[in-house]
file final23.cif (mmCIF, C-alpha atoms)
data_work
loop_
_atom_site.label_atom_id
_atom_site.label_comp_id
_atom_site.auth_asym_id
_atom_site.auth_seq_id
_atom_site.Cartn_x
_atom_site.Cartn_y
_atom_site.Cartn_z
CA MET A 15 -27.98 -19.99 -13.73
CA ALA A 16 -28.02 -16.94 -15.99
CA LEU A 17 -31.12 -14.77 -15.61
CA ASN A 18 -33.60 -14.59 -18.45
CA ARG A 19 -32.82 -11.36 -20.37
CA ASP A 20 -36.35 -11.38 -21.82
CA PHE A 21 -37.40 -9.87 -18.48
CA ILE A 22 -35.68 -6.54 -19.24
CA GLY A 23 -38.45 -3.98 -19.67
CA ARG A 24 -41.08 -6.16 -18.01
CA ALA A 25 -43.40 -4.21 -15.70
CA SER A 26 -45.53 -5.44 -12.85
CA ALA A 27 -49.21 -4.71 -12.53
CA PRO A 28 -49.82 -1.91 -9.99
CA SER A 29 -49.55 -3.32 -6.49
CA SER A 30 -52.60 -3.37 -4.28
CA PRO A 31 -52.65 -0.19 -2.19
CA TYR A 32 -50.34 -0.19 0.83
CA GLU A 33 -51.78 1.78 3.75
CA VAL A 34 -49.03 3.47 5.78
CA SER A 35 -49.84 3.25 9.48
CA ARG A 36 -48.38 5.03 12.51
CA VAL A 37 -47.84 1.65 14.12
CA LYS A 38 -45.78 0.32 11.20
CA ILE A 39 -43.65 3.48 11.04
CA LYS A 40 -43.00 3.21 14.78
CA GLU A 41 -42.10 -0.48 14.45
CA PHE A 42 -39.74 0.24 11.54
CA ALA A 43 -38.08 3.15 13.39
CA ALA A 44 -37.58 0.91 16.43
CA ALA A 45 -36.05 -1.81 14.24
CA ILE A 46 -33.44 0.59 12.84
CA GLY A 47 -32.79 1.94 16.34
CA ASP A 48 -33.92 5.48 15.51
CA ASP A 49 -35.73 7.30 18.33
CA ASN A 50 -36.54 10.46 16.35
CA PRO A 51 -39.92 11.76 17.69
CA ILE A 52 -40.99 12.73 14.15
CA TYR A 53 -41.49 8.97 13.54
CA ARG A 54 -43.60 8.48 16.68
CA ASP A 55 -45.26 11.65 17.90
CA ARG A 56 -47.83 13.32 15.69
CA GLU A 57 -47.42 16.68 17.45
CA ALA A 58 -43.65 16.61 16.91
CA ALA A 59 -44.22 15.79 13.23
CA GLN A 60 -46.78 18.56 12.85
CA ALA A 61 -44.44 21.03 14.56
CA ALA A 62 -41.96 20.21 11.77
CA GLY A 63 -44.63 20.94 9.17
CA HIS A 64 -45.84 17.41 8.37
CA PRO A 65 -49.50 16.33 8.37
CA ASP A 66 -48.78 13.28 10.55
CA VAL A 67 -45.79 11.15 11.58
CA ILE A 68 -43.49 10.58 8.62
CA ALA A 69 -41.53 7.49 7.66
CA PRO A 70 -37.72 7.09 7.74
CA PRO A 71 -36.01 7.51 4.34
CA THR A 72 -35.52 3.78 3.82
CA PHE A 73 -39.12 2.86 4.76
CA PRO A 74 -40.32 2.42 1.12
CA ILE A 75 -38.39 -0.88 1.03
CA VAL A 76 -41.25 -2.32 3.11
CA PHE A 77 -43.73 -2.11 0.24
CA SER A 78 -41.79 -1.27 -2.93
CA LEU A 79 -40.44 -4.79 -3.34
CA ALA A 80 -43.60 -5.40 -5.34
CA GLY A 81 -40.94 -6.10 -7.94
CA GLY A 82 -40.85 -9.29 -5.92
CA THR A 83 -43.70 -10.64 -7.99
CA ILE A 84 -41.47 -10.35 -11.05
CA LEU A 85 -38.40 -11.60 -9.20
CA ALA A 86 -40.31 -14.67 -7.98
CA ASP A 87 -41.35 -15.66 -11.53
CA PRO A 88 -39.70 -19.05 -12.14
CA GLU A 89 -39.11 -18.06 -15.77
CA LEU A 90 -36.62 -15.41 -14.55
CA GLY A 91 -34.44 -18.11 -12.98
CA LEU A 92 -33.40 -16.25 -9.84
CA ASN A 93 -32.03 -18.38 -6.98
CA PHE A 94 -33.06 -16.44 -3.88
CA ALA A 95 -30.66 -18.40 -1.65
CA MET A 96 -27.76 -16.72 -3.47
CA VAL A 97 -29.19 -13.19 -3.50
CA VAL A 98 -27.59 -10.22 -1.77
CA HIS A 99 -28.45 -6.55 -2.13
CA GLY A 100 -26.23 -4.64 -4.56
CA GLU A 101 -27.47 -1.06 -4.75
CA GLN A 102 -30.45 0.93 -3.54
CA ARG A 103 -31.62 4.44 -4.22
CA PHE A 104 -34.69 6.48 -3.33
CA GLU A 105 -35.78 9.75 -4.93
CA TYR A 106 -38.40 11.45 -2.80
CA ARG A 107 -40.90 13.99 -4.03
CA ARG A 108 -42.26 14.37 -0.52
CA PRO A 109 -41.96 12.45 2.75
CA ILE A 110 -44.25 9.46 3.22
CA HIS A 111 -46.61 9.98 6.14
CA ALA A 112 -49.10 7.92 8.11
CA GLY A 113 -52.38 7.73 6.25
CA ASP A 114 -50.82 7.52 2.80
CA GLU A 115 -52.25 4.83 0.55
CA LEU A 116 -49.50 3.93 -1.89
CA VAL A 117 -49.36 1.97 -5.11
CA SER A 118 -46.12 0.76 -6.74
CA VAL A 119 -45.46 -0.13 -10.34
CA SER A 120 -42.16 -1.95 -10.83
CA THR A 121 -40.14 -2.38 -14.02
CA VAL A 122 -37.04 -4.46 -14.66
CA THR A 123 -34.68 -1.86 -16.12
CA ASP A 124 -31.50 -3.92 -16.43
CA ILE A 125 -30.03 -7.42 -16.15
CA ARG A 126 -26.27 -7.76 -16.52
CA ASN A 127 -23.42 -9.89 -15.33
CA VAL A 128 -20.41 -8.61 -13.43
CA GLY A 129 -17.73 -11.25 -13.03
CA ARG A 130 -19.46 -14.42 -11.85
CA ASN A 131 -22.50 -12.56 -10.54
CA GLU A 132 -25.81 -11.66 -12.15
CA LEU A 133 -27.26 -8.22 -11.36
CA ILE A 134 -30.89 -7.21 -11.85
CA THR A 135 -32.25 -3.68 -11.36
CA VAL A 136 -35.91 -2.98 -10.62
CA LYS A 137 -37.29 0.57 -10.69
CA SER A 138 -40.51 1.23 -8.80
CA GLU A 139 -42.70 4.29 -9.18
CA VAL A 140 -44.61 4.89 -5.96
CA SER A 141 -47.68 7.11 -5.99
CA THR A 142 -50.80 7.63 -3.93
CA VAL A 143 -54.04 5.94 -4.93
CA ASP A 144 -55.05 9.38 -6.24
CA GLY A 145 -52.07 9.40 -8.59
CA GLU A 146 -49.80 11.83 -6.74
CA PRO A 147 -46.14 10.78 -7.30
CA VAL A 148 -44.40 10.19 -3.95
CA CYS A 149 -41.07 8.51 -4.66
CA THR A 150 -39.08 6.43 -7.10
CA THR A 151 -36.98 3.51 -5.91
CA TYR A 152 -34.13 1.73 -7.68
CA ASN A 153 -33.23 -1.70 -6.35
CA THR A 154 -30.30 -3.73 -7.68
CA ILE A 155 -29.86 -7.24 -6.36
CA VAL A 156 -26.95 -9.59 -6.94
CA GLU A 157 -27.24 -13.33 -7.53
CA ARG A 158 -23.87 -14.60 -6.36
CA GLY A 159 -22.31 -17.03 -8.79
CA GLY A 160 -25.37 -16.69 -11.03
CA ALA A 161 -23.29 -16.19 -14.15
CA GLY A 162 -21.46 -19.44 -13.37
CA MET B 28 -40.02 20.17 5.99
CA ALA B 29 -37.73 22.30 8.01
CA ALA B 30 -34.14 21.23 8.35
CA THR B 31 -32.48 22.85 11.34
CA VAL B 32 -29.24 23.26 9.37
CA LYS B 33 -28.97 26.49 7.36
CA TYR B 34 -27.62 26.37 3.83
CA ASP B 35 -25.70 29.61 4.27
CA GLU B 36 -23.86 28.21 7.28
CA VAL B 37 -22.61 25.11 5.47
CA GLU B 38 -19.51 25.01 3.28
CA THR B 39 -18.29 22.35 0.88
CA GLY B 40 -15.85 20.11 2.73
CA LEU B 41 -17.61 20.44 6.09
CA GLN B 42 -17.21 17.19 7.98
CA ILE B 43 -20.07 15.74 9.99
CA PRO B 44 -18.66 14.01 13.09
CA PRO B 45 -18.71 10.19 12.89
CA ALA B 46 -21.23 8.11 14.81
CA ASP B 47 -21.15 4.45 15.86
CA TYR B 48 -24.21 2.24 15.44
CA PRO B 49 -24.08 -1.17 17.15
CA VAL B 50 -25.66 -4.18 15.41
CA ARG B 51 -26.53 -7.32 17.33
CA ARG B 52 -28.44 -10.39 16.23
CA ALA B 53 -31.56 -9.07 17.95
CA ASN B 54 -31.46 -5.95 15.75
CA LEU B 55 -31.50 -8.15 12.64
CA VAL B 56 -34.45 -10.17 13.94
CA MET B 57 -36.32 -6.92 14.60
CA TYR B 58 -35.38 -5.60 11.17
CA ALA B 59 -36.52 -8.82 9.48
CA GLY B 60 -39.91 -8.50 11.15
CA ALA B 61 -40.33 -4.79 10.46
CA SER B 62 -39.17 -4.92 6.84
CA GLY B 63 -40.61 -8.28 5.84
CA ASP B 64 -37.18 -9.50 4.62
CA PHE B 65 -36.92 -12.94 6.23
CA ASN B 66 -33.98 -14.20 4.16
CA PRO B 67 -32.33 -16.66 6.61
CA ILE B 68 -28.83 -15.36 5.81
CA HIS B 69 -29.77 -12.50 8.19
CA TRP B 70 -30.64 -14.66 11.20
CA ASN B 71 -29.66 -18.30 10.65
CA GLU B 72 -25.93 -18.99 10.98
CA ARG B 73 -26.27 -22.60 9.81
CA PHE B 74 -28.04 -21.50 6.63
CA ALA B 75 -25.64 -18.59 6.03
CA LYS B 76 -22.67 -20.96 6.12
CA THR B 77 -24.28 -23.46 3.75
CA VAL B 78 -24.50 -20.70 1.10
CA GLY B 79 -20.85 -19.74 1.54
CA LEU B 80 -21.11 -16.79 3.91
CA PRO B 81 -18.76 -16.49 6.91
CA ASP B 82 -21.63 -15.99 9.36
CA VAL B 83 -24.97 -14.18 9.61
CA ILE B 84 -24.79 -10.83 7.78
CA ALA B 85 -26.83 -7.67 8.35
CA HIS B 86 -29.52 -6.71 5.86
CA GLY B 87 -27.99 -4.21 3.45
CA MET B 88 -31.06 -2.09 4.12
CA PHE B 89 -30.29 -2.10 7.84
CA THR B 90 -26.87 -0.62 7.07
CA MET B 91 -28.43 1.87 4.66
CA ALA B 92 -30.90 2.84 7.38
CA GLN B 93 -27.99 3.67 9.72
CA GLY B 94 -26.57 5.97 7.05
CA GLY B 95 -30.02 7.53 6.72
CA ARG B 96 -30.24 8.03 10.46
CA PHE B 97 -26.86 9.74 10.41
CA VAL B 98 -28.09 12.20 7.76
CA THR B 99 -31.50 12.85 9.34
CA ASP B 100 -29.95 13.40 12.80
CA TRP B 101 -27.68 15.99 11.22
CA ALA B 102 -30.38 17.67 9.12
CA GLY B 103 -32.89 17.82 11.99
CA ASP B 104 -35.91 16.79 9.92
CA PRO B 105 -36.03 13.43 8.12
CA GLY B 106 -38.37 15.02 5.58
CA ALA B 107 -35.48 17.15 4.35
CA VAL B 108 -33.83 14.18 2.61
CA VAL B 109 -34.81 14.37 -1.07
CA ASP B 110 -32.55 11.67 -2.55
CA TYR B 111 -30.56 8.85 -0.96
CA GLY B 112 -28.62 6.09 -2.69
CA VAL B 113 -25.90 3.59 -1.81
CA ARG B 114 -23.93 0.65 -3.16
CA PHE B 115 -23.40 -2.26 -0.78
CA SER B 116 -19.67 -2.89 -1.12
CA SER B 117 -19.00 -5.29 1.73
CA MET B 118 -21.00 -7.38 4.16
CA VAL B 119 -21.56 -6.50 7.81
CA VAL B 120 -20.86 -9.81 9.56
CA VAL B 121 -22.73 -10.04 12.86
CA PRO B 122 -21.36 -12.67 15.28
CA ASP B 123 -23.60 -14.26 17.88
CA ASP B 124 -22.03 -12.62 20.93
CA GLU B 125 -22.61 -9.65 23.23
CA GLN B 126 -20.62 -7.23 21.06
CA GLY B 127 -22.13 -8.01 17.70
CA ALA B 128 -20.78 -5.58 15.08
CA VAL B 129 -20.46 -1.81 14.85
CA ILE B 130 -21.22 0.34 11.81
CA THR B 131 -19.32 3.64 11.89
CA VAL B 132 -20.75 6.35 9.66
CA SER B 133 -19.17 9.68 8.79
CA GLY B 134 -20.08 12.33 6.27
CA ILE B 135 -18.79 15.33 4.37
CA ILE B 136 -20.55 18.07 2.44
CA GLU B 137 -19.47 17.23 -1.06
CA GLU B 138 -21.32 19.88 -3.03
CA LYS B 139 -23.70 22.80 -2.60
CA LEU B 140 -26.54 22.71 -5.11
CA GLU B 141 -29.15 25.29 -6.05
CA ASP B 142 -32.38 25.75 -4.09
CA LYS B 143 -30.53 25.37 -0.77
CA ARG B 144 -29.75 21.72 -1.35
CA VAL B 145 -26.49 19.98 -0.49
CA VAL B 146 -24.94 16.62 -1.35
CA VAL B 147 -23.71 14.68 1.69
CA ALA B 148 -21.17 11.95 0.89
CA LEU B 149 -21.26 9.17 3.46
CA THR B 150 -18.65 6.66 4.54
CA ALA B 151 -19.76 3.57 6.45
CA ARG B 152 -17.29 1.04 7.84
CA SER B 153 -17.53 -2.17 9.82
CA ASN B 154 -14.76 -4.63 10.76
CA ASP B 155 -12.21 -2.48 8.88
CA SER B 156 -14.18 -2.81 5.64
CA ARG B 157 -16.04 -0.16 3.76
CA VAL B 158 -19.63 -1.46 3.81
CA LEU B 159 -21.24 1.28 1.70
CA SER B 160 -19.75 2.96 -1.35
CA LYS B 161 -21.17 5.66 -3.59
CA ALA B 162 -23.34 6.63 -0.63
CA ARG B 163 -24.88 10.04 -1.27
CA ALA B 164 -27.81 11.91 0.19
CA VAL B 165 -29.26 15.15 -1.15
CA VAL B 166 -30.66 17.25 1.68
CA GLN B 167 -32.91 20.31 1.51
CA LEU B 168 -31.54 22.82 4.02
CA SER B 169 -33.19 25.95 5.39
#

call {"tool": "encode", "arguments": {"input": "final23.cif", "output": "C-alpha cells"}}
result
Amino acid sequence: MALNRDFIGRASAPSSPYEVSRVKIKEFAAAIGDDNPIYRDREAAQAAGHPDVIAPPTFPIVFSLAGGTILADPELGLNFAMVVHGEQRFEYRRPIHAGDELVSVSTVTDIRNVGRNELITVKSEVSTVDGEPVCTTYNTIVERGGAG
Amino acid sequence: MAATVKYDEVETGLQIPPADYPVRRANLVMYAGASGDFNPIHWNERFAKTVGLPDVIAHGMFTMAQGGRFVTDWAGDPGAVVDYGVRFSSMVVVPDDEQGAVITVSGIIEEKLEDKRVVVALTARSNDSRVLSKARAVVQLS
C-alpha cells in the first residue's frame, strides 16, 4: 500500500530522555564484535581524552528510532513485515559517552517511491537534556512492494 | 579525541587493508537484543521465507557497524569519526550453519579535507555482492 504523503514534514514530540549507560555500550560493542577498550574501560577512554567510555559510531540507532512512533502510526500505512533498511547516516558533533541523557526529535523529511518500493526518510536531531546538540541521524527505510 | 593516524602522513588514494568480519546466526541474535531491532527476518528463517527472502538476513545496521569498526580500528579512536553514512545495496544472507557469512570491508582515502579531516570510502562485500554502497566516513585525524 502506498504510504500517506501527508506525513512528510510531520515531527515527533521529543522522546523521553535516554540515559546512556556503560553496560549498554559494552553490550552493544559485544554484539557488533568490537573489543575496542574505549567502549569498555573508562581509563582507556579517558586516556584518549573522553570523559567516560564512548559509544560506537552506530550506537545512536538504539534510541534514535523514536521516529518509530511516527512509523507505527496506522495512518501512515507502513507494513513492517516488508520493511528493510535503505540508507543510514550519522553526523556527530561529539562522541556519545556513558552518562549522557539524550533526547531525540524526529521528522519525516521525505516519502517517495522507487520502482515498486516505497521509501521514507526520518531525520532525528539528538541533543542532551540540557540542549547541547550531539548528533543528527538520517534513516531511510524501504517498504518492499509498497508501491504495488 | 585523538586519532593515532596523522593527517600529514596520509595521501589521497591510500588503501586501508581489507578485513573479514564473520557473521553467524548467534551474532544476529545478540545484535537484535542489543539494538532492540527484533524484526524476525533477522532470526526466523520460516518468517523470512514467508516474506520472500531467501533466508535470514543480517540487520543492515550490523553490516554498517562492521564498516564502522573497520574505520575506528584504522583511526585509533572511535571518537574521531565525525560523519558516517551508507546505502544498503544488497542483503547479507546468513545461513544456519557453522560458517555463516563473511563481510569483507576495505577502504581508500578518497579526499583530504580542511581541518585535518579525511573522507574514507568503504567497500563491503558478502557472497560476491556489494552489500554497502555510497559508504563514506569523515575522520578527524591528528

call {"tool": "interface_residues", "arguments": {"input": "final23.cif", "of": "chain A", "to": "chain B", "cutoff": "8 Å", "atoms": "only C-alpha atoms", "output": "ChimeraX atom specification"}}
result
/A:38,41-42,45-46,48,52,62-64,68,70-72,75-76,95-96,98-109

call {"tool": "closest_residue", "arguments": {"input": "final23.cif", "among": "A:Arg24, A:Arg158, A:Arg56, A:Arg19", "to": "Val122 in chain A", "atoms": "only C-alpha atoms"}}
result
A:Arg24

call {"tool": "closest_residue", "arguments": {"input": "final23.cif", "among": "A:Asp55, A:Asp114, A:Ile134, A:Asp49", "to": "Pro147 in chain A", "atoms": "only C-alpha atoms"}}
result
A:Asp114

call {"tool": "atom_distance", "arguments": {"input": "final23.cif", "atom1": "CA of Gly134 in chain B", "atom2": "CA of Pro74 in chain A"}}
result
23.1 Å

call {"tool": "atom_distance", "arguments": {"input": "final23.cif", "atom1": "CA of Phe21 in chain A", "atom2": "CA of Tyr152 in chain A"}}
result
16.2 Å

call {"tool": "residues_around", "arguments": {"input": "final23.cif", "residues": "Asn93 in chain A", "least_positions_apart": "6", "cutoff": "12 Å", "atoms": "only C-alpha atoms", "output": "list in words"}}
result
Met15, Ala16, Leu17, Leu85, Ala86, Asp87, Asn131, Glu132, Ile155, Val156, Glu157, Arg158, Gly159, Gly160 and Ala161 of chain A; Val78 of chain B

call {"tool": "atom_distance", "arguments": {"input": "final23.cif", "atom1": "CA of Glu125 in chain B", "atom2": "CA of Lys76 in chain B"}}
result
20.5 Å

call {"tool": "residues_around", "arguments": {"input": "final23.cif", "residues": "Ser133 in chain B", "least_positions_apart": "2", "cutoff": "10 Å", "atoms": "all atoms listed in the file", "output": "VMD selection string"}}
result
chain B and resid 42 to 47 94 97 to 98 131 135 147 to 152

call {"tool": "resolve_selection", "arguments": {"input": "final23.cif", "expression": "the PyMOL selection byres ((chain A and resi 77) around 10)", "output": "mmCIF file with C-alpha atoms, keeping the file's coordinate frame"}}
result
data_model
loop_
_atom_site.group_PDB
_atom_site.id
_atom_site.type_symbol
_atom_site.label_atom_id
_atom_site.label_comp_id
_atom_site.auth_asym_id
_atom_site.auth_seq_id
_atom_site.Cartn_x
_atom_site.Cartn_y
_atom_site.Cartn_z
ATOM 1 C CA SER A 29 -49.550 -3.320 -6.490
ATOM 2 C CA PRO A 31 -52.650 -0.190 -2.190
ATOM 3 C CA TYR A 32 -50.340 -0.190 0.830
ATOM 4 C CA GLU A 33 -51.780 1.780 3.750
ATOM 5 C CA VAL A 34 -49.030 3.470 5.780
ATOM 6 C CA PHE A 73 -39.120 2.860 4.760
ATOM 7 C CA PRO A 74 -40.320 2.420 1.120
ATOM 8 C CA ILE A 75 -38.390 -0.880 1.030
ATOM 9 C CA VAL A 76 -41.250 -2.320 3.110
ATOM 10 C CA SER A 78 -41.790 -1.270 -2.930
ATOM 11 C CA LEU A 79 -40.440 -4.790 -3.340
ATOM 12 C CA ALA A 80 -43.600 -5.400 -5.340
ATOM 13 C CA GLY A 81 -40.940 -6.100 -7.940
ATOM 14 C CA GLY A 82 -40.850 -9.290 -5.920
ATOM 15 C CA LEU A 116 -49.500 3.930 -1.890
ATOM 16 C CA VAL A 117 -49.360 1.970 -5.110
ATOM 17 C CA SER A 118 -46.120 0.760 -6.740
ATOM 18 C CA VAL A 140 -44.610 4.890 -5.960
ATOM 19 C CA SER B 62 -39.170 -4.920 6.840
ATOM 20 C CA GLY B 63 -40.610 -8.280 5.840
#

call {"tool": "closest_residue", "arguments": {"input": "final23.cif", "among": "B:Glu72, B:Ala85, B:Tyr34, B:Glu137", "to": "Val120 in chain B", "atoms": "only C-alpha atoms"}}
result
B:Ala85
